[in-house]
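Structure file model-v2.txt (compact mmCIF, C-alpha atoms) is printed below.
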```txt
# COMPACT_ATOMS: atom_id res chain seq x y z
CA MET A 1 74.54 100.42 68.03
CA LYS A 2 77.36 100.50 70.61
CA LYS A 3 80.93 100.36 69.49
CA SER A 4 82.92 97.68 71.21
CA LYS A 5 86.56 98.24 72.15
CA PRO A 6 89.24 95.66 71.55
CA LYS A 7 89.92 93.59 74.69
CA ASP A 8 93.61 94.47 74.78
CA VAL A 9 92.94 98.22 75.20
CA LYS A 10 92.97 99.32 78.84
CA GLU A 11 90.42 101.91 79.78
CA ARG A 12 91.78 104.88 81.68
CA PRO A 13 89.58 106.58 84.22
CA PRO A 14 87.99 109.79 83.01
CA VAL A 15 89.99 112.95 83.61
CA PRO A 16 87.82 114.20 86.50
CA THR A 17 88.46 110.94 88.36
CA ARG A 18 92.23 111.25 87.88
CA LEU A 19 92.09 114.87 89.05
CA LYS A 20 90.18 113.84 92.17
CA GLN A 21 92.71 111.09 92.88
CA ARG A 22 95.59 113.52 92.48
CA PHE A 23 93.89 116.08 94.72
CA VAL A 24 93.30 113.47 97.45
CA PHE A 25 96.92 112.30 97.16
CA LYS A 26 98.23 115.87 97.45
CA LEU A 27 95.94 116.61 100.40
CA MET A 28 97.00 113.46 102.27
CA HIS A 29 100.64 114.15 101.45
CA LEU A 30 100.29 117.67 102.85
CA ILE A 31 98.71 116.29 106.03
CA PHE A 32 101.51 113.76 106.61
CA VAL A 33 104.17 116.40 106.01
CA GLY A 34 102.44 119.19 107.93
CA VAL A 35 101.18 117.42 111.04
CA PRO A 36 104.53 115.99 112.17
CA LEU A 37 106.36 119.22 111.26
CA VAL A 38 103.98 121.44 113.22
CA ALA A 39 103.71 119.09 116.21
CA GLY A 40 107.46 118.48 116.24
CA ILE A 41 108.36 122.16 116.14
CA ASP A 42 105.76 122.92 118.81
CA LYS A 43 107.50 120.51 121.21
CA TYR A 44 109.99 123.38 121.69
CA PHE A 45 107.44 126.18 122.09
CA ASN A 46 104.34 124.56 123.69
CA LEU A 47 101.99 126.91 121.84
CA ILE A 48 99.47 124.21 120.94
CA THR A 49 99.57 122.47 124.33
CA ASP A 50 101.87 121.55 127.18
CA TRP A 51 103.25 118.38 125.62
CA GLU A 52 104.74 117.03 128.87
CA GLN A 53 101.24 116.22 130.14
CA TYR A 54 101.10 113.43 127.55
CA ILE A 55 104.02 111.47 129.00
CA SER A 56 102.66 108.58 131.03
CA PRO A 57 103.54 108.50 134.74
CA LEU A 58 104.69 104.93 134.07
CA ILE A 59 107.23 106.21 131.54
CA LYS A 60 108.56 109.26 133.44
CA PRO A 61 110.63 107.30 136.01
CA ILE A 62 112.47 105.33 133.32
CA LEU A 63 113.29 108.29 131.08
CA PRO A 64 117.04 108.94 130.85
CA MET A 65 116.31 112.69 130.72
CA SER A 66 113.77 115.24 131.88
CA PRO A 67 110.25 115.01 130.41
CA LYS A 68 110.83 118.37 128.70
CA ASN A 69 113.94 117.07 126.92
CA ALA A 70 112.19 113.79 126.09
CA MET A 71 109.45 115.73 124.33
CA ARG A 72 112.06 117.78 122.49
CA CYS A 73 113.68 114.54 121.27
CA ALA A 74 110.25 113.35 120.15
CA GLY A 75 109.87 116.68 118.36
CA VAL A 76 113.12 116.13 116.46
CA ALA A 77 111.85 112.68 115.41
CA GLU A 78 108.54 114.15 114.25
CA VAL A 79 110.25 116.86 112.21
CA ALA A 80 112.49 114.21 110.64
CA ILE A 81 109.42 112.15 109.71
CA GLY A 82 107.81 115.21 108.11
CA VAL A 83 110.96 115.90 106.09
CA VAL A 84 111.23 112.26 104.95
CA THR A 85 107.58 112.35 103.89
CA ILE A 86 108.27 115.24 101.52
CA LYS A 87 110.36 113.08 99.18
CA LYS A 88 109.38 109.55 100.26
CA PRO A 89 105.67 109.60 101.19
CA ARG A 90 105.41 105.82 101.60
CA ILE A 91 108.34 105.62 104.01
CA GLY A 92 107.41 108.82 105.84
CA SER A 93 103.76 107.92 106.34
CA SER A 94 104.76 104.43 107.49
CA LEU A 95 107.10 105.99 110.06
CA PHE A 96 104.36 108.41 111.09
CA SER A 97 101.95 105.50 111.52
CA GLY A 98 104.47 103.68 113.73
CA LEU A 99 105.01 106.82 115.79
CA MET A 100 101.27 107.21 116.28
CA PHE A 101 100.90 103.62 117.47
CA GLY A 102 103.74 104.17 119.97
CA ILE A 103 102.01 107.31 121.22
CA ILE A 104 98.75 105.37 121.54
CA LEU A 105 100.41 102.76 123.78
CA ASN A 106 101.73 105.55 125.99
CA LEU A 107 98.34 107.31 126.17
CA LEU A 108 96.41 104.12 126.96
CA THR A 109 98.31 103.88 130.25
CA MET A 110 96.84 107.23 131.31
CA ARG A 111 93.31 107.44 132.60
CA LYS A 112 92.39 110.86 131.19
CA GLN A 113 94.00 110.56 127.76
CA LYS A 114 92.03 107.73 126.14
CA HIS A 115 90.09 110.19 123.97
CA ILE A 116 93.38 111.47 122.53
CA ALA A 117 94.47 107.86 121.98
CA SER A 118 91.34 107.24 119.89
CA LEU A 119 92.10 110.27 117.71
CA ASP A 120 95.72 109.15 117.33
CA LEU A 121 94.46 105.69 116.33
CA CYS A 122 92.54 107.31 113.48
CA MET A 123 95.62 109.27 112.38
CA GLY A 124 97.81 106.15 112.59
CA LEU A 125 95.40 104.08 110.53
CA PHE A 126 94.97 106.95 108.06
CA ALA A 127 98.76 107.14 107.63
CA LEU A 128 99.01 103.37 107.19
CA CYS A 129 96.28 103.39 104.53
CA PHE A 130 98.03 106.22 102.70
CA ALA A 131 101.31 104.26 102.71
CA LEU A 132 99.59 101.10 101.45
CA LEU A 133 97.75 102.93 98.66
CA LEU A 134 100.86 104.58 97.27
CA PRO A 135 102.26 103.01 94.12
CA ASP A 136 105.74 101.51 94.35
CA THR A 137 107.19 104.52 92.55
CA GLU A 138 105.69 106.85 95.20
CA ARG A 139 104.57 109.27 92.52
CA MET A 140 101.05 110.05 91.48
```
Is it possible to give me this structure as structure tokens?
Amino acid sequence: MKKSKPKDVKERPPVPTRLKQRFVFKLMHLIFVGVPLVAGIDKYFNLITDWEQYISPLIKPILPMSPKNAMRCAGVAEVAIGVVTIKKPRIGSSLFSGLMFGIILNLLTMRKQKHIASLDLCMGLFALCFALLLPDTERM
């Protein structure tokens, strides 16, 4: 015969489930700290790619600085987002999501960059989901 539990006792998920949740949280946290840090720092070195090629020709004429310096400013913003995400994952991943959607708008104005825009859309939505899933205390 099965034992029944009192209705006022909340069931906690089994330990393996909690461990999986914590692992997924830590992995996502690492992604949203690491990606903006690496991309932001690389805006100064161009080891991953030549970042200036991703500035839309529609944007270049209205930039108040050279495309190279504009990408360096974007790099500073990305590094700042990565640093914020270390201590405040909800805020940092929300900022990262917003940055990705801004980048998407820029890329959609360029004929040969739509494939990159689709990847950035995935990253932006991924970051938004991470922010929305975080508890209010931002700890897991």
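Going from atom CA of Phe126 of chain A over to atom CA of Ala80 of chain A, you cover 19.1 Å.
Interatomic distance, atom CA of Arg22 of chain A against atom CA of Ile91 of chain A: 18.9 Å.
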Near Ser66 of chain A, within 12 Å and counting all atoms listed in the file, which residues show up once chain neighbours fewer than 6 positions away are dropped, as an mmCIF file with C-alpha atoms, keeping the file's coordinate frame?
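Listed below is the output, part.cif:
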```
data_model
loop_
_atom_site.group_PDB
_atom_site.id
_atom_site.type_symbol
_atom_site.label_atom_id
_atom_site.label_comp_id
_atom_site.auth_asym_id
_atom_site.auth_seq_id
_atom_site.Cartn_x
_atom_site.Cartn_y
_atom_site.Cartn_z
ATOM 1 C CA GLU A 52 104.740 117.030 128.870
ATOM 2 C CA ILE A 55 104.020 111.470 129.000
ATOM 3 C CA ILE A 59 107.230 106.210 131.540
ATOM 4 C CA LYS A 60 108.560 109.260 133.440
ATOM 5 C CA ARG A 72 112.060 117.780 122.490
ATOM 6 C CA CYS A 73 113.680 114.540 121.270
#
```
Test item: residues at most 8 Å from segment 25-42 of chain A, all atoms listed in the file, excluding those fewer than 3 positions along its chain, as number ranges by chain: A: 21-22, 45-48, 72, 74-83, 85-86, 89, 92-93, 96, 127, 130, 140
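The shell of residues at most 12 Å from Gly102 of chain A, with all atoms listed in the file counted and near chain neighbours (fewer than 3 positions) removed, consists of A:Ile55, A:Ser56, A:Ala74, A:Leu95, A:Phe96, A:Ser97, A:Gly98, A:Leu99, A:Leu105, A:Asn106, A:Leu107, A:Leu108, A:Thr109, A:Ala117, A:Asp120, A:Leu121, A:Gly124.
The spacing separating atom CA of Leu58 of chain A from atom CA of Tyr44 of chain A amounts to 22.8 Å.
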Find the smallest box with edges along x, y and z containing every listed atom of segment 54-61 of chain A, then add 5 Å on each side and report centre and edge lengths in Å to one decimal, as AutoDock Vina command-line options.
```
--center_x 105.9 --center_y 109.2 --center_z 131.8 --size_x 19.5 --size_y 18.5 --size_z 18.5
```
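Around Tyr54 of chain A, within 10 Å and counting all atoms listed in the file, the residues found are A:Pro67, A:Met71, A:Ile103, A:Asn106, A:Leu107, A:Met110, A:Lys112, A:Gln113, A:Ile116, once anything fewer than 6 positions away on its own chain is removed.
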Since the input is missing atoms, can you rebuild N, CA and C atoms for segment 73-102 of chain A and write them as a short mmCIF file (atom, residue, chain, number, x, y, z; two decimals), in the coordinates of the input?
```cif
data_model
loop_
_atom_site.label_atom_id
_atom_site.label_comp_id
_atom_site.auth_asym_id
_atom_site.auth_seq_id
_atom_site.Cartn_x
_atom_site.Cartn_y
_atom_site.Cartn_z
N CYS A 73 113.15 115.62 122.12
CA CYS A 73 113.68 114.54 121.27
C CYS A 73 112.58 113.97 120.38
N ALA A 74 111.38 113.81 120.95
CA ALA A 74 110.25 113.35 120.15
C ALA A 74 109.95 114.36 119.05
N GLY A 75 110.09 115.64 119.36
CA GLY A 75 109.87 116.68 118.36
C GLY A 75 110.85 116.59 117.21
N VAL A 76 112.11 116.30 117.52
CA VAL A 76 113.12 116.13 116.46
C VAL A 76 112.73 114.95 115.57
N ALA A 77 112.27 113.86 116.19
CA ALA A 77 111.85 112.68 115.41
C ALA A 77 110.66 113.03 114.51
N GLU A 78 109.71 113.77 115.04
CA GLU A 78 108.54 114.15 114.25
C GLU A 78 108.92 115.04 113.07
N VAL A 79 109.79 115.99 113.31
CA VAL A 79 110.25 116.86 112.21
C VAL A 79 110.96 116.02 111.16
N ALA A 80 111.79 115.08 111.59
CA ALA A 80 112.49 114.21 110.64
C ALA A 80 111.50 113.41 109.80
N ILE A 81 110.45 112.91 110.44
CA ILE A 81 109.42 112.15 109.71
C ILE A 81 108.74 113.05 108.68
N GLY A 82 108.42 114.27 109.06
CA GLY A 82 107.81 115.21 108.11
C GLY A 82 108.71 115.48 106.92
N VAL A 83 110.00 115.64 107.18
CA VAL A 83 110.96 115.90 106.09
C VAL A 83 111.08 114.68 105.18
N VAL A 84 111.16 113.48 105.76
CA VAL A 84 111.23 112.26 104.95
C VAL A 84 110.00 112.14 104.07
N THR A 85 108.84 112.48 104.63
CA THR A 85 107.58 112.35 103.89
C THR A 85 107.53 113.25 102.66
N ILE A 86 108.27 114.34 102.67
CA ILE A 86 108.27 115.24 101.52
C ILE A 86 108.71 114.49 100.27
N LYS A 87 109.81 113.76 100.35
CA LYS A 87 110.36 113.08 99.18
C LYS A 87 109.96 111.60 99.09
N LYS A 88 109.71 110.98 100.22
CA LYS A 88 109.38 109.55 100.26
C LYS A 88 108.09 109.35 101.05
N PRO A 89 106.93 109.66 100.45
CA PRO A 89 105.67 109.60 101.19
C PRO A 89 105.36 108.22 101.78
N ARG A 90 105.70 107.16 101.07
CA ARG A 90 105.41 105.82 101.60
C ARG A 90 106.21 105.56 102.87
N ILE A 91 107.48 105.85 102.84
CA ILE A 91 108.34 105.62 104.01
C ILE A 91 107.93 106.57 105.14
N GLY A 92 107.76 107.83 104.82
CA GLY A 92 107.41 108.82 105.84
C GLY A 92 106.08 108.54 106.51
N SER A 93 105.07 108.20 105.73
CA SER A 93 103.76 107.92 106.34
C SER A 93 103.78 106.61 107.12
N SER A 94 104.60 105.66 106.70
CA SER A 94 104.76 104.43 107.49
C SER A 94 105.42 104.74 108.83
N LEU A 95 106.45 105.57 108.81
CA LEU A 95 107.10 105.99 110.06
C LEU A 95 106.13 106.76 110.95
N PHE A 96 105.35 107.63 110.34
CA PHE A 96 104.36 108.41 111.09
C PHE A 96 103.34 107.48 111.74
N SER A 97 102.90 106.47 110.99
CA SER A 97 101.95 105.50 111.52
C SER A 97 102.55 104.78 112.73
N GLY A 98 103.80 104.34 112.61
CA GLY A 98 104.47 103.68 113.73
C GLY A 98 104.58 104.59 114.94
N LEU A 99 104.92 105.85 114.70
CA LEU A 99 105.01 106.82 115.79
C LEU A 99 103.66 106.96 116.48
N MET A 100 102.60 107.05 115.70
CA MET A 100 101.27 107.21 116.28
C MET A 100 100.89 106.01 117.14
N PHE A 101 101.24 104.81 116.69
CA PHE A 101 100.90 103.62 117.47
C PHE A 101 101.71 103.57 118.77
N GLY A 102 102.95 104.06 118.74
CA GLY A 102 103.74 104.17 119.97
C GLY A 102 103.12 105.18 120.93
#
```
